[in-house]
Structure formats: C-alpha cells, structure tokens
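Asker: Input data_9.txt, format and content: compact mmCIF, C-alpha atoms.
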# COMPACT_ATOMS: atom_id res chain seq x y z
CA MET A 1 -3.80 57.27 -9.13
CA ASN A 2 -2.26 59.43 -11.90
CA PHE A 3 -0.96 58.16 -15.25
CA LYS A 4 2.72 58.09 -14.21
CA LEU A 5 1.92 55.92 -11.20
CA ILE A 6 -0.09 53.54 -13.37
CA ILE A 7 2.84 53.14 -15.79
CA LEU A 8 5.24 52.58 -12.89
CA PHE A 9 2.93 49.97 -11.39
CA LEU A 10 2.69 48.09 -14.69
CA LEU A 11 6.44 48.05 -15.17
CA VAL A 12 7.07 46.84 -11.62
CA PHE A 13 4.42 44.15 -12.00
CA GLN A 14 5.93 42.95 -15.27
CA PHE A 15 9.41 42.81 -13.74
CA SER A 16 8.18 40.95 -10.67
CA ASN A 17 6.29 38.44 -12.77
CA GLY A 18 9.51 37.51 -14.57
CA GLN A 19 11.16 36.54 -11.30
CA PHE A 20 9.22 33.26 -11.15
CA THR A 21 11.53 31.83 -13.81
CA ASN A 22 14.59 29.95 -12.46
CA THR A 23 13.42 30.17 -8.87
CA GLN A 24 11.83 26.84 -7.94
CA VAL A 25 13.32 25.00 -10.93
CA ILE A 26 16.66 26.19 -12.29
CA ALA A 27 17.59 25.43 -15.90
CA LYS A 28 21.29 25.43 -16.77
CA ILE A 29 23.30 24.91 -19.95
CA LYS A 30 26.92 23.86 -19.44
CA THR A 31 29.55 23.91 -22.17
CA GLU A 32 33.12 22.74 -22.61
CA ARG A 33 35.05 23.78 -25.72
CA ILE A 34 38.00 21.93 -27.24
CA ASP A 35 39.23 23.61 -30.43
CA ASP A 36 36.18 23.90 -32.72
CA ILE A 37 34.02 21.34 -30.89
CA VAL A 38 31.76 22.28 -27.98
CA SER A 39 30.29 19.68 -25.65
CA VAL A 40 26.91 20.87 -24.36
CA SER A 41 24.80 19.53 -21.50
CA ALA A 42 21.37 20.60 -20.29
CA GLU A 43 20.56 20.31 -16.60
CA ALA A 44 17.72 21.11 -14.23
CA VAL A 45 17.71 21.56 -10.47
CA ASN A 46 14.71 21.39 -8.16
CA SER A 47 15.40 23.96 -5.44
CA THR A 48 12.19 23.16 -3.52
CA GLU A 49 11.15 20.45 -1.06
CA VAL A 50 8.36 19.31 -3.41
CA TYR A 51 8.41 16.59 -6.08
CA LYS A 52 8.18 18.05 -9.63
CA SER A 53 6.80 16.54 -12.85
CA LEU A 54 8.24 18.54 -15.75
CA LYS A 55 9.14 18.59 -19.42
CA TYR A 56 11.93 20.26 -21.36
CA THR A 57 12.85 21.50 -24.82
CA PHE A 58 16.54 21.72 -25.69
CA SER A 59 17.10 23.56 -28.98
CA ILE A 60 20.09 24.56 -31.08
CA PHE A 61 19.62 27.29 -33.69
CA ARG A 62 22.37 27.79 -36.28
CA THR A 63 22.31 30.80 -38.63
CA ASP A 64 24.85 30.65 -41.46
CA SER A 65 26.42 33.49 -43.45
CA ASN A 66 23.46 33.43 -45.87
CA ASN A 67 21.05 33.97 -42.95
CA LYS A 68 19.65 30.42 -43.33
CA VAL A 69 18.47 29.04 -40.00
CA THR A 70 18.55 25.38 -39.04
CA LYS A 71 17.06 24.06 -35.81
CA ASN A 72 17.62 20.85 -33.87
CA ASP A 73 15.48 19.86 -30.90
CA GLN A 74 15.60 17.37 -28.07
CA GLU A 75 12.62 17.18 -25.75
CA GLY A 76 11.09 14.94 -23.15
CA ARG A 77 9.38 14.58 -19.81
CA PHE A 78 11.18 14.05 -16.52
CA THR A 79 10.73 14.24 -12.76
CA LEU A 80 12.78 15.81 -9.99
CA GLU A 81 12.72 14.85 -6.36
CA ALA A 82 13.16 17.56 -3.76
CA ASN A 83 16.54 19.28 -4.22
CA GLU A 84 17.50 16.88 -7.01
CA GLN A 85 19.74 17.83 -9.94
CA LYS A 86 19.40 15.93 -13.23
CA ASN A 87 21.13 15.88 -16.60
CA LEU A 88 18.49 16.14 -19.33
CA ALA A 89 20.45 15.99 -22.57
CA THR A 90 23.97 16.10 -23.97
CA THR A 91 25.31 16.83 -27.44
CA SER A 92 28.38 18.11 -29.29
CA ILE A 93 28.39 20.84 -31.91
CA GLY A 94 30.98 22.13 -34.32
CA ILE A 95 31.69 25.86 -34.13
CA ASP A 96 32.21 27.70 -37.41
CA GLU A 97 33.28 31.31 -36.89
CA SER A 98 30.92 32.44 -39.68
CA ASP A 99 27.85 30.84 -38.06
CA LYS A 100 25.80 32.26 -35.23
CA ILE A 101 24.70 29.53 -32.81
CA VAL A 102 22.07 29.91 -30.11
CA ILE A 103 21.45 27.15 -27.56
CA LEU A 104 18.18 27.36 -25.64
CA LEU A 105 16.88 25.28 -22.74
CA LEU A 106 13.27 25.66 -21.60
CA VAL A 107 11.74 23.74 -18.67
CA TYR A 108 7.95 23.59 -18.32
CA GLU A 109 5.65 22.74 -15.45
CA GLU A 110 2.38 21.97 -17.20
CA GLU A 111 2.26 24.75 -19.85
CA THR A 112 4.25 27.35 -17.91
CA ILE A 113 7.95 28.03 -18.46
CA VAL A 114 9.55 27.73 -15.01
CA GLY A 115 13.21 27.51 -16.01
CA LYS A 116 15.24 28.78 -18.94
CA ASP A 117 18.80 29.32 -20.04
CA ARG A 118 20.42 30.59 -23.24
CA ILE A 119 23.98 30.54 -24.58
CA ALA A 120 25.14 32.01 -27.89
CA PHE A 121 28.31 31.79 -29.96
CA ASN A 122 29.56 34.26 -32.56
CA GLU A 123 27.02 37.00 -31.90
CA GLU A 124 28.17 40.39 -33.11
CA ALA A 125 29.66 42.75 -30.54
CA ASN A 126 26.92 45.31 -31.06
CA LYS A 127 24.26 42.63 -30.67
CA LYS A 128 25.78 41.59 -27.35
CA LYS A 129 25.76 45.20 -26.19
CA LYS A 130 22.13 45.58 -27.21
CA GLU A 131 21.16 42.44 -25.31
CA GLU A 132 22.90 43.69 -22.17
CA GLU A 133 21.05 46.99 -22.40
CA SER A 134 17.61 45.61 -23.25
CA THR A 135 17.34 42.22 -21.55
CA GLU A 136 13.84 41.06 -20.57
CA ASP A 137 12.54 39.24 -17.53
CA ASP A 138 15.49 37.86 -15.56
CA GLY A 139 18.24 39.05 -17.90
CA ILE A 140 17.83 36.43 -20.64
CA GLU A 141 16.68 37.78 -23.98
CA LEU A 142 14.86 35.16 -26.07
CA LYS A 143 14.58 36.71 -29.52
CA GLY A 144 13.33 34.96 -32.63
CA ILE A 145 12.51 31.69 -30.87
CA VAL A 146 9.68 29.43 -32.11
CA ILE A 147 8.87 26.24 -30.21
CA GLU A 148 6.76 23.31 -31.39
CA GLU A 149 4.44 20.98 -29.50
CA THR A 150 2.41 19.25 -32.20
CA LYS A 151 0.92 15.76 -32.23
CA THR A 152 -0.09 14.96 -35.82
CA LYS A 153 1.31 15.28 -39.35
CA PRO A 154 -0.98 18.26 -40.16
CA GLY A 155 0.33 19.94 -37.01
CA LYS A 156 3.95 19.36 -38.03
CA ASP A 157 3.23 20.47 -41.63
CA PHE A 158 1.70 23.71 -40.33
CA TYR A 159 4.70 24.29 -38.07
CA GLU A 160 7.08 23.93 -41.03
CA PHE A 161 5.07 26.45 -43.09
CA PHE A 162 4.88 28.84 -40.15
CA TYR A 163 8.50 28.56 -39.05
CA ASN A 164 9.88 28.98 -42.58
CA SER A 165 7.74 32.08 -43.08
CA TYR A 166 8.70 33.45 -39.64
CA THR A 167 12.38 33.06 -40.54
CA LEU A 168 12.12 34.42 -44.09
CA ASN A 169 10.24 37.49 -42.87
CA ARG A 170 12.88 38.03 -40.15
CA ILE A 171 10.26 38.77 -37.53
CA ASN A 172 12.73 38.04 -34.71
CA GLY A 173 10.14 38.67 -32.01
CA SER A 174 11.19 39.58 -28.49
CA LYS A 175 9.03 36.85 -26.93
CA ILE A 176 8.81 33.09 -27.47
CA VAL A 177 6.26 32.02 -30.09
CA GLY A 178 4.74 28.56 -29.63
CA VAL A 179 2.90 26.28 -32.07
CA TYR A 180 0.70 23.92 -30.05
CA GLU A 181 -1.79 21.20 -30.92
CA LYS A 182 -4.48 19.85 -28.63
CA LEU A 183 -7.12 17.17 -29.04
CA SER A 184 -10.63 18.24 -29.94
CA PHE A 185 -13.84 16.31 -30.61
CA GLY A 186 -13.47 12.89 -32.23
CA ARG A 187 -10.14 12.57 -34.01
CA SER A 188 -9.79 16.26 -34.80
CA THR A 189 -7.27 18.62 -33.24
CA ILE A 190 -6.99 22.34 -32.61
CA ILE A 191 -3.76 24.04 -33.69
CA GLN A 192 -2.80 27.18 -31.80
CA VAL A 193 -0.17 29.85 -32.25
CA LYS A 194 0.57 31.52 -28.93
CA ILE A 195 2.88 34.22 -27.66
CA GLU A 196 3.44 33.48 -23.99
CA ASP A 197 -0.11 32.71 -22.77
CA LYS A 198 -1.93 34.74 -25.43
CA VAL A 199 -3.58 32.83 -28.30
CA ILE A 200 -2.78 34.73 -31.51
CA HIS A 201 -4.47 32.34 -33.95
CA GLU A 202 -6.19 28.97 -33.68
CA PHE A 203 -7.96 26.70 -36.14
CA LEU A 204 -9.12 23.14 -36.76
CA GLY A 205 -6.31 20.89 -37.99
CA LYS A 206 -6.95 19.31 -41.40
CA PRO A 207 -4.74 17.10 -43.63
CA ASP A 208 -4.92 19.68 -46.42
CA ILE A 209 -1.61 21.26 -47.45
CA GLU A 210 -3.13 24.33 -49.13
CA TYR A 211 -5.35 24.97 -46.12
CA LEU A 212 -2.42 24.65 -43.69
CA GLU A 213 -0.29 26.97 -45.80
CA GLN A 214 -3.10 29.54 -45.85
CA MET A 215 -3.48 29.26 -42.06
CA SER A 216 0.25 29.85 -41.66
CA LYS A 217 -0.03 33.08 -43.68
CA VAL A 218 -2.88 34.28 -41.47
CA ALA A 219 -0.91 33.39 -38.33
CA ILE A 220 2.23 35.16 -39.56
CA ARG A 221 0.29 38.36 -40.25
CA ARG A 222 -1.20 38.31 -36.76
CA VAL A 223 2.14 37.53 -35.08
CA TYR A 224 3.81 40.34 -37.02
CA LYS A 225 1.07 42.76 -35.95
CA TYR A 226 1.39 41.64 -32.31
CA PHE A 227 5.12 42.41 -32.19
CA LYS A 228 4.66 45.65 -34.11
CA ASP A 229 2.01 46.81 -31.61
CA LEU A 230 4.24 45.69 -28.72
CA LYS A 231 7.13 47.82 -29.99
CA LYS A 232 4.81 50.79 -30.36
CA GLN A 233 3.54 50.39 -26.78
CA LYS A 234 7.10 50.27 -25.41
CA ARG A 235 8.10 53.30 -27.47
CA ASP A 236 5.07 55.26 -26.26
CA ILE A 237 5.89 54.43 -22.61
CA PHE A 238 9.54 55.49 -22.93
CA GLN A 239 8.60 58.67 -24.79
CA TYR A 240 6.17 59.56 -22.05
Can the structure in the file be given as structure tokens, please?
Answerer:
Amino acid sequence: MNFKLIILFLLVFQFSNGQFTNTQVIAKIKTERIDDIVSVSAEAVNSTEVYKSLKYTFSIFRTDSNNKVTKNDQEGRFTLEANEQKNLATTSIGIDESDKIVILLLVYEEETIVGKDRIAFNEEANKKKKEEESTEDDGIELKGIVIEETKTKPGKDFYEFFYNSYTLNRINGSKIVGVYEKLSFGRSTIIQVKIEDKVIHEFLGKPDIEYLEQMSKVAIRRVYKYFKDLKKQKRDIFQY
C-alpha cells in the first residue's frame, strides 16, 4: 500500500468513526427567541430498541466584548427507554448583541460522547464561514470547549486554574478537553486532563493550592503542544 492510499485510509477511518455520534442517541438543543430573551431546552432521543443509562452536560459559554468568558453548566444522569424522548434541562438567557454565546449539549454513555449539539449566537460572519468549511466529525465544530467531571475540592480548584489559563492563552483547541477525577487508593484521587480518549496529563490530587497551580501550568503546556502538533499534522497532510 503506497503513502497516498495510507493517508486516504486514515481520513476515511476518521470520518467514519465520527458517524457514531447522534446515531443511537440523538442530542438536540431547541430555542425560542422573544426579543432579547431566548428560551433554551436540551433534549435526548433514544433511537434504538435498547434501554440506555446516560449522563449529560449542558453548558452555556458567554464571551463579552473584552474577551472574558463565563461558563454555566447543568449536568446529571438519566435513562431512556427504547425510542423514548426526554427533556433534560431548560433555561432562559439574555442576548446582548456584543456578546458571543455558545450553547453545547453533550450526552455520554459511560465515558464516550454518543450525542452532541451546538448552537451559537452572534458569531462573526467570517467565523461562520470558516466553521462551514472546516467542520469536524458530523458537521459540528466544538472549538475551545473544556468540560469538568471532578469530585473533590482539589479537583475543582485545579479545574479553575486550568480553565482560566486555557482561556487567557486563547488555546481554542479544535477538540473537547476534559478535566476528570477518579478515585485511587485510600482517600486519594487521580486528576486527568484528556483530549478525547487520550490522557495528556495526570497526577495525584492534593489539597495544596501551589501544587495544583503548578500542575495546571504543566497541563496547559502539554495541551498547547498537542494542538500545535495536531495542526502541523493536518497541514502536512493537505500539503502532500
């Protein structure tokens, strides 16, 4: 098999792998706007004949004119019977024409994203064009998204350090970055930073602010390098 065929195979495989999202479980964000207020609801549909035990994260990201990002989350576990549709969360948001707002719904089965939807308000025209030309997976581009699944105060403190640094450095990665925490021996926990299923950095959680801040700096450097290398790989493929 020559090099061109290998590249073609990898691209086809990557595209096919993305098709598993929104197939068995469909995530959907619905909106209704009245003046400057938007009512938002998050829904999930089980399109299979099998009972599903799932969890969701429903996030709203608001970026103001000073490029300051605020984030609000709703999350929880839920079940779906065969062919059942369920409302997961509802909220209302005020729309300011100077603010960019991104609404993201992710549905997980165990640790795998099986459903996702994204709606944005006030994105620049050129940004919309870029998204249409360079969408990933099933046409939904999830840029600059960081999700949190921590269990303890040290885990949440680390997430705050990491997320603030991620935002200030404007990394805006093309894949979802997750901060996770899992139980270890005794009462200790392991904190992980992952991009999709790849562990970028992990360490033992400790109630030490300076230590957690240092770990966030290490994680940010590694995440930055990951996205930088990813861009280089894509550029090399297209140039070839």
Asker: Please tabulate, as CSV, the residues of stretch 80-184 of chain A that come within 9 Å of stretch 209-222 of chain A, each with its closest pair of atoms and the distance in Å to one decimal, counting only C-alpha atoms and ordering rows by chain, then residue number upward.
Answerer:
residue,atom,partner,partner_atom,distance
A:Pro154,CA,A:Leu212,CA,7.4
A:Gly155,CA,A:Leu212,CA,8.6
A:Asp157,CA,A:Leu212,CA,7.3
A:Phe158,CA,A:Leu212,CA,5.4
A:Tyr159,CA,A:Ser216,CA,8.0
A:Phe161,CA,A:Glu213,CA,6.0
A:Phe162,CA,A:Ser216,CA,5.0
A:Tyr163,CA,A:Ser216,CA,8.7
A:Ser165,CA,A:Ile220,CA,7.2
A:Tyr166,CA,A:Ile220,CA,6.7
A:Asn169,CA,A:Ile220,CA,9.0
Asker: In Å, rounded to a single decimal, give me how far atom CA of A:Leu106 is from atom CA of A:Glu149.
Answerer: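 For atom CA of A:Glu149 relative to atom CA of A:Leu106, the distance reads 12.7 Å.
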Asker: Which residues come within 12 Å of A:Ile190, counting all atoms listed in the file, excluding same-chain residues fewer than 6 positions away, as a list in words?
Answerer: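 Residues meeting the cut-off are Glu149, Thr150, Lys151, Thr152, Pro154, Gly155, Phe158, Val179, Tyr180, Glu181, Lys182, Leu183, Ser184, Val199, His201, Glu202, Phe203, Leu204, Gly205 and Lys206 of chain A.
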Asker: Mind pulling up the distance from atom CA of A:Phe121 to atom CA of A:Asp64?
Answerer: 12.1 Å
Asker: Record the distance separating atom CA of A:Lys86 and atom CA of A:Val45, expressed in Å with one decimal.
Answerer: 6.5 Å
Asker: Just the residues within 10 Å of A:Ile119, please, counting only C-alpha atoms, with nothing from its chain fewer than 4 positions along; format it as a PyMOL selection string.
Answerer: chain A and resi 28-31+60+101-105+140
Asker: For each of A:Lys198, A:Lys175, A:Lys55, A:Lys231, take the minimum atom-to-atom distance to A:Val114, counting all atoms listed in the file, then give the residue where this is smallest.
Answerer: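 Closest to A:Val114 of all the choices is A:Lys55.
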Asker: Dump as a tab-separated table the rows for residues of stretch 138-205 of chain A within 10 Å of stretch 71-77 of chain A: closest atom pair and distance in Å with one decimal, all atoms listed in the file counted, ordered by chain and rising residue number.
Answerer:
residue	atom	partner	partner_atom	distance
A:Val146	CA	A:Lys71	CA	9.8
A:Ile147	CA	A:Asp73	CA	9.2
A:Glu148	CA	A:Asp73	CA	9.4
A:Glu149	CA	A:Glu75	CA	9.8
Asker: What lies within 12 Å of A:Ile113 using only C-alpha atoms, ignoring chain neighbours under 5 positions off, as a list in words?
Answerer: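 Answer for this query is Asn17, Gly18, Gln19, Phe20, Thr21, Asn22, Thr23, Gln24, Val25, Ile26, Ala27, Leu54, Lys55, Tyr56, Thr57, Leu105, Leu106, Val107, Tyr108, Ile147, Ile176, Gly178, Glu196 and Asp197 of chain A.
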Asker: Here is a test: counting all atoms listed in the file, which residue of A:Ser59, A:Thr90, A:Asn67, A:Thr189 is nearest to A:Ile145?
Answerer: A:Ser59
Asker: Determine the axis-aligned bounding box of all atoms of stretch 228-232 of chain A present in the file, pad each side by 3 Å, and express its centre and edge lengths in Å to one decimal place as lines of an AutoDock Vina configuration file.
Answerer:
center_x = 4.6
center_y = 48.2
center_z = -31.4
size_x = 11.1
size_y = 11.1
size_z = 11.4
